[in-house]
Structures are given as structure tokens and as C-alpha cells.
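Novice: Dropping the structure in here first, questions after.
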Amino acid sequence: MREAITGKIYGINGPIVYLKGTPGFKMSEMVYVGSEKLVGEVISLKGDTTSIQVFEETSGMKPGEPVIGTGDAISVTLGPGILDNIYDGIERPLEKIAETSGTFISRGVSAAALDQTKTWQVTMQVKPGDRIHGGQIIATCPETPSITHRSMMTPLIDTAVVKSVKPDGPYTVVDPLMTVELPDGTTRDLTLMQKWPIRVPRPAMKRLPASEPLITGQRVLDSVFPIARGGTAAIPGGFGTGKTMTQHSIAKFSNANVIIYIGCGERGNEMTEVLEDFSKLEDPQTGNKLMARTALIANTSNMPVAAREASIYTGITLAEYYRDMGYDVAIMADSTSRWAEALRELSGRMEEMPAEEGFPAYLASRLSAFYERAGQMQTLSGSVGSVSIIGAVSPQGGDFSEPVTMNTKRFVRCFWGLDKSLAYARHYPAINWMESYSEYVGGLSKWYRDQVDPRFVADRTRIIALLHDEDKLNETVKLIGSDVLPDEQKLTLEIARVIRLGFLQQNAFHDQDQNVPIKKQFLMMETILYLYDKCRRLIAQGHPMAVLKREPIFEAVIAIKYDVPNDKPDLFDTYKDKIDQFYDDVTTKNA
């Protein structure tokens with residue numbers, strides 16, 4: 001281990017601190033800044049000037065104070081105890097810090113990311129004489145009632161031979177579990193804990209194609225604009241359109257094993273709501289508390305801007321760690337716009353040449369590097385795990401042509417555009433079906449065909465076509481009214497209304513509608529299209545649309561989402577019978 005390198009502060013510009021001379025720091029090295037030892041990171045080495053971003057408030061700091069290098073990159077500590085915990089942007093446990101410093105965190109305070117006194121009931125997975133490799137699972141322990149923690153040998157070691165192993169039993173994260181011999185003949189003790197630099201992706205064996213959907217329980221997402229496990233999605237929308245609530249619903253009801261929620265630069269009251277809600281919610285998957293498979297990273301708008309920039313990388317590194325155990329992880333990044341604003345502020349302090357709207361020229365490459373860390377992988381341990389990234393974007397004034405939204409669209413394959421007019425009309429989720437898209441449908445078609453029904457993708461295509469037809473017809477209706485339209489087009493408008501109100505709109509406060517199984521979603525589409533086909537036959541026989549609309553069948557189909565319980569799909573047969581009865585009645589009355 002190298003001797004600590006020190007330097008002295010020459011200049012201070014907000015969160016950026018400058019050093020003159022060549023103290024010998026490395027790029028991305030973690031340093032302690034000032035007499036209070038604030039955590040910082042080396043971000044520029046230019047001539048005889050070293051620039052450091054400080055992850056805490058720098059007011060009161062003055063030139064001449066020392067800067068001490070650690071020799072390591074800014075890293076997170078990985079091990080049991082991450083779940084059911086709340087961290088700031090650089091993985092400091094906020095609850096632990098609050099015990100010592102109170103509600104308002106004082107500068108320079110530090111706490112171990114993992115509780116080093118708590119014991120875990122460990123079961124060893126290797127024995128003396130075994131040859132093990134980086135990423136291999138060496139021990140397991142129940143981290144929470146929902147998740148078994150699978151401790152791995154750090155990927156920084158290629159291979160090693162196990163020399164000795166402790167018996168199964170209670171251990172802390174710092175207790176040596178086994179001794180291994182490295183290829184160079186040296187020995188090393190392994191514990192439940194390891195470190196990993198946040199800006200370096202964790203290695204995997206192979207990236208796998210997207211072949212299974214991340215089921216969210218939201219019909220407009222699962223059936224119309226699906227995301228794959230290991231996929232990427234953006235949720236752009238103006239203030240009040242429901243970005244955060246959509247992410248909350250996905251976090252609560254998706255079939256991901258682990259949730260990492262990153263509150264990046266959002267309002268403190270919103271983050272407080274997340275913390276309070278998640279601690280009370282029951283997990284529909286396991287029956288335990290939702291926090292038992294969730295880690296929260298809270299970096300609100302009043303926290304230091306440099307820590308906001310780091311919080312995204314902290315979250316994705318924690319997600320990759322659980323992916324490497326073989327879990328499916330979903331990241332909620334709320335919001336990447338605030339992260340981009342942090343980049344812009346830091347870039348401005350560094351006096352870098354600005355690009356569009358003041359954002360740095362490397363905005364696109366940083367966004368790309370973040371979203372590229374998603375994916376379904378074959379891990380080094382041989383299992384399969386995934387990281388799905390759902391990033392909220394907060395364009396000013398709801399303008400989707402601004403740089404963060406436009407660059408995000410280049411790197412995500414799902415775009416769930418929120419619409420202010422839908423939100424104000426209380427249509428939730430307020431996802432605009434004309435602006436949104438998903439590029440995963442082709443890769444997921446086989447799964448829908450095999451696991452749900454062979455007709456699923458065809459039904460989805462027809463539903464979207466009807467919505468697009470409605471959009472075109474509405475332009476005509478605005479000009480000359482709906483009375484002049486032929487009955488076939490009037491039917492299109494009526495069925496599109498049924499789709500919008502009965503299928504796309506979802507009630508988060510109704511126990512049957514807040515989370516809908518994919519099988520029920522398919523049967524709802526089938527029923528709507530069955531009604532549409534029957535009505536088309538009636539119109540072809542000469543029955544006017546005015547007569548069809550007098551029947552209550554359209555409202556009955558809209559109410560299916562409430563009236564048919566999620567666990568009773570057989571009831572859909574009765575609705576087909578009702579539609580047949582409606583068809584017979586209209587035919588008889590107007591014969």
C-alpha cells in the first residue's frame with residue numbers, strides 16, 4: 001500500500017477545489033479534502049493544476065487546507081446489509097448518520113456503509129482444495145426475509161485455491177471466512193464484504209438477448225409498450241404528469257427480485273413520501289415488507305451537487321452486484337435530468353466549453369455509458385441475472401426536444417412519453433400512446449406466444465392501429481364534427497374510447513386494477529376486439545351506429561377492469577356471451 005499523498009488547496013469554486021503543483025494524485029482517485037476531511041474525487045489533471053469535486057458543502061473552506069489521497073478510486077462497499085437501507089449519493093447510510101448528527105447531516109461525518117457489528121448466519125459454499133474464480137459464489141446468508149445474499153469472490157481475482165474454510169455459523173462482514181492462495185503464492189483472507197469502483201462496470205461472462213418481459217402490472221406498459229428484463233426505458237414528462245408515481249408502481253408490482261430506487265436531485269418531500277411509503281408497503285410477491293428487497297439512494301435537490309452526479313453510478317453498481325448473484329434488478333432513476341443539471345453545473349465551474357443549452361459536450365456519452373450498464377447477463381458464477389433501468393426525465397416545460405430527452409431517446413429502447421393533457425384529465429398512467437414506443441416487441445413475441453397466448457401480439461397490433469385511426473379521425477371531427485362520418489368510422493371512435501377508458505386507464509386505488517396479471521390483460525384485449533368485430537358485422541348488415549350506442553354493452557366492457565377479479569379469468573366467457581346476446585338483440589329488433 002502506497003504512502004498517503006498530500007497536497008494543499010489553492011482555489012475553491014463551489015464544489016470544485018483546485019490544487020497547484022503535482023502532488024501525484026490519480027484520475028478518479030478518492031481524496032479527503034480540508035481539515036474536516038470531506039470526501040472528494042479527482043476529476044481533472046491539467047498541467048500543474050489538479051481539480052477535485054467535493055461531495056459535501058465547501059463553504060468556510062479556505063486555501064492552504066490539506067488534501068489527502070487514498071490511492072483508491074471512489075468505490076462502494078458491497079455485502080449483506082445493503083437491502084432495507086437508505087444511502088446518500090456516495091453510499092453513506094443516512095439512518096446511521098442521523099443517529100450521530102441529527103436530522104441535518106453535518107459536514108465531514110462518516111459511517112461505514114455496512115453494519116460491521118451485525119452477525120449473519122453464513123453457509124459456506126466451498127471447501128479446502130477447491131479452485132475458485134472471480135465472481136464465484138463462496139458463501140450465502142439470509143439478508144432479508146425476501147432475499148438470500150450470495151457472497152462472491154471479487155472479480156479482481158482471476159483464480160485462487162481455497163486453503164482453509166471456517167465452519168458455517170454467525171459472522172460479521174469483516175470476519176475472515178476463508179483463506180485462499182493466489183497464483184503468485186501469496187495468501188488472502190476473504191470476507192462477506194468487497195469494494196468496487198462506481199464508474200467501472202462489473203464484468204459478466206456474456207450479454208444475453210432480451211427474451212422475457214419485465215412484467216409491471218400496468219396494462220399500457222406490459223401489453224402496449226413492453227420493456228424486457230435487462231432493458232432500458234425513459235419516462236419523460238413535465239411537472240405533475242406522474243413520472244414518480246409510474247416508477248413507484250413499477251417498483252411495487254414488477255416481477256424484479258431487487259429494486260434500487262435513486263432519488264437524484266428530486267424534491268425532499270417527494271423523497272420523504274418514497275421512504276415512508278416503501279417502509280409500509282407489503283410486497284405482493286413475497287408477503288414481506290417491500291423494503292426487504294429494496295435499497296434507496298436519497299440525494300435530494302438541497303444536497304451537494306457533486307454527490308448527485310455520483311448517485312447514479314452508486315445505484316447502478318449496487319444493481320450490478322445483485323445481478324451477479326443471479327437476481328433480476330430494476331433501477332428507478334428519478335430523475336436523470338437533475339443528474340444532467342449537476343453535470344452542467346460542475347462543467348461550468350470547470351470552465352469547459354458548453355454545448356446545447358449549456359450542457360457539457362460529453363452529456364450524450366455519459367448517458368450512453370449509464371444506460372449501457374443495463375442488460376441480461378450470464379454472470380461469472382454461471383447464473384443469469386439482469387439490470388433493467390427505468391429513468392425519469394424532467395424536461396423544462398414538458399419540451400421533449402430539449403437535450404437530455406433527445407439524447408436519452410438515442411440510448412433507450414422504450415420511450416414512455418407522459419402527456420400533460422392526459423394527466424389533467426385524470427387519465428393515469430398519462431402515457432401518450434401516439435408518442436411512446438417500444439423496440440422490444442419483436443424479441444418478446446415468442447414469450448407472449450408461448451407463455452400467454454399465440455394471439456397476443458396480433459391483438460396488441462390491432463389495439464394500437466385502432467388508437468392511431470382514432471387520432472386521424474379526430475382531426476376530421478375537429479373540422480366538421482362527427483355526425484358526417486360514416487358508421488364504420490363512428491364505430492372506430494367508440495371502440496377507441498373503450499380502449500382508452502377500459503384498458504389504457506388504470507386506477508391505482510382499486511385493488512383489482514392497480515396491478516393486473518398479463519393473462520387478464522390479454523383477455524381484456526380479446527373482449528374489446530370481440531365486441532369490435534361483432535359491431536362491424538352489425539354495421540355491415542345496415543344497422544346504424546346510433547342504434548348500437550343505445551345498448552349498454554360498451555359501458556359494460558369498459559367496467560370489466562373492475563368487475564372481473566384478477567384471479568377469475570373464467571368470467572370473461574360471460575362477457576362474450578353478453579356480446580353475443582347484444583348482437584342477437586340488435587339483429588332481432590331491427591330485422
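Residue numbering restarts at 1 for every chain of the C-alpha cells, chains are lettered A, B, ... in their displayed order, and ligands are numbered from 1 as they appear.
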List the spatial neighbours of Leu491 in chain A as a PyMOL selection string - criterion: any atom at most 12 Å away, only C-alpha atoms, same-chain residues fewer than 3 positions off excluded.
Specialist: chain A and resi 466+469-470+473+482+485-488+494-498+529+531-540+543-549+554
Novice: Skipping near chain neighbours, those fewer than 5 positions away, what residues fall within 12 Å of Ile105 in chain A using only C-alpha atoms, listed as a list in words?
Specialist: Glu56, Glu57, Asp88, Arg92, Pro93, Leu94, Glu95, Lys96, Ile97, Ala98, Glu99, Thr100, Ser110, Ala111, Asn302, Met303 and Pro304 of chain A
Novice: For the atom pair CA of Ala310 in chain A and CA of Ile90 in chain A, what is the interatomic distance in Å to one decimal place?
Specialist: 6.6 Å
Novice: Determine which residues of range 316-483 of chain A DSSP labels as alpha helix (DSSP H) from the backbone of this structure, then write them out as a PyMOL selection string.
Specialist: chain A and resi 316-324+336-349+363-371+403-411+420-424+441-447+456-480
Novice: Find the residue from A:Leu182, A:Val564, A:Ile312, A:Ala210 that sits nearest to Gly231 in chain A; use only C-alpha atoms when measuring.
Specialist: A:Ala210
Novice: Which residues are close to Thr405 in chain A, i.e. within 8 Å by only C-alpha atoms, leaving aside same-chain residues fewer than 5 positions away? Reply as an MDAnalysis selection string.
Specialist: chainID A and resid 236 393 395 400
Novice: Which residues, written as number ranges by chain, have at least one atom at most 10 Å from range 260-276 of chain A, with only C-alpha atoms counted and residues fewer than 2 positions away on the same chain left out?
Specialist: A: 83, 86-89, 244-245, 247-248, 251, 258, 278-281, 291, 293-305, 307-316, 318-319, 329-342, 387, 389-392
Novice: Just give me the gap between CA of Val76 in chain A and CA of Thr191 in chain A in Å, one decimal is fine.
Specialist: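 Between CA of Val76 in chain A and CA of Thr191 in chain A the gap works out to 15.5 Å.
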Novice: For a quick check of understanding, using only C-alpha atoms, which of A:Asn407, A:Ser75, A:Ser388, A:Ser211 has the smallest distance to Lys446 in chain A?
Specialist: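 Under the stated criterion, the closest residue is A:Ser211.
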Novice: Within range 123-339 of chain A, find each residue whose DSSP state, derived from the backbone, is strand (DSSP E or B), and express the selection as a PyMOL selection string.
Specialist: chain A and resi 123-124+131-133+137-142+148-152+159-165+169-171+178-181+187-190+194-197+206-208+213+228+232-236+258-264+282+289+294-299+328-334
Novice: Quick one: residues within 8 Å of range 158-173 of chain A, only C-alpha atoms, excluding same-chain residues fewer than 4 positions away - as a ChimeraX atom specification?
Specialist: /A:79-80,114-124,126-134,177-183,191-193
Novice: Which residues are near Gly502 in chain A? Cut-off 8 Å, only C-alpha atoms, ignore same chain within fewer than 4 positions. Put them as a PDB file with C-alpha atoms, in the first residue's frame.
Specialist:
ATOM      1  CA  ARG A 497     -62.928   5.221 -26.344  1.00  0.00           C
ATOM      2  CA  VAL A 498     -63.482   1.776 -24.827  1.00  0.00           C
ATOM      3  CA  VAL A 557     -66.897  -3.756 -21.400  1.00  0.00           C
ATOM      4  CA  ILE A 558     -65.226  -0.616 -20.011  1.00  0.00           C
ATOM      5  CA  ALA A 559     -66.137  -1.787 -16.491  1.00  0.00           C
ATOM      6  CA  ILE A 560     -64.505  -5.210 -16.969  1.00  0.00           C
ATOM      7  CA  LYS A 561     -61.328  -3.952 -15.265  1.00  0.00           C
TER       8      LYS A 561
END
Novice: Which residues come within 10 Å of Gln125 in chain A, counting only C-alpha atoms, excluding same-chain residues fewer than 5 positions away, as a ChimeraX atom specification?
Specialist: /A:136-140,150-152,165,168
Novice: For a quick check of understanding, using only C-alpha atoms, which of A:Leu38, A:Val17, A:Ile553, A:Ala292 has the smallest distance to Asp84 in chain A?
Specialist: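 Among A:Leu38, A:Val17, A:Ile553, A:Ala292, it is A:Ala292 that comes nearest to Asp84 in chain A.
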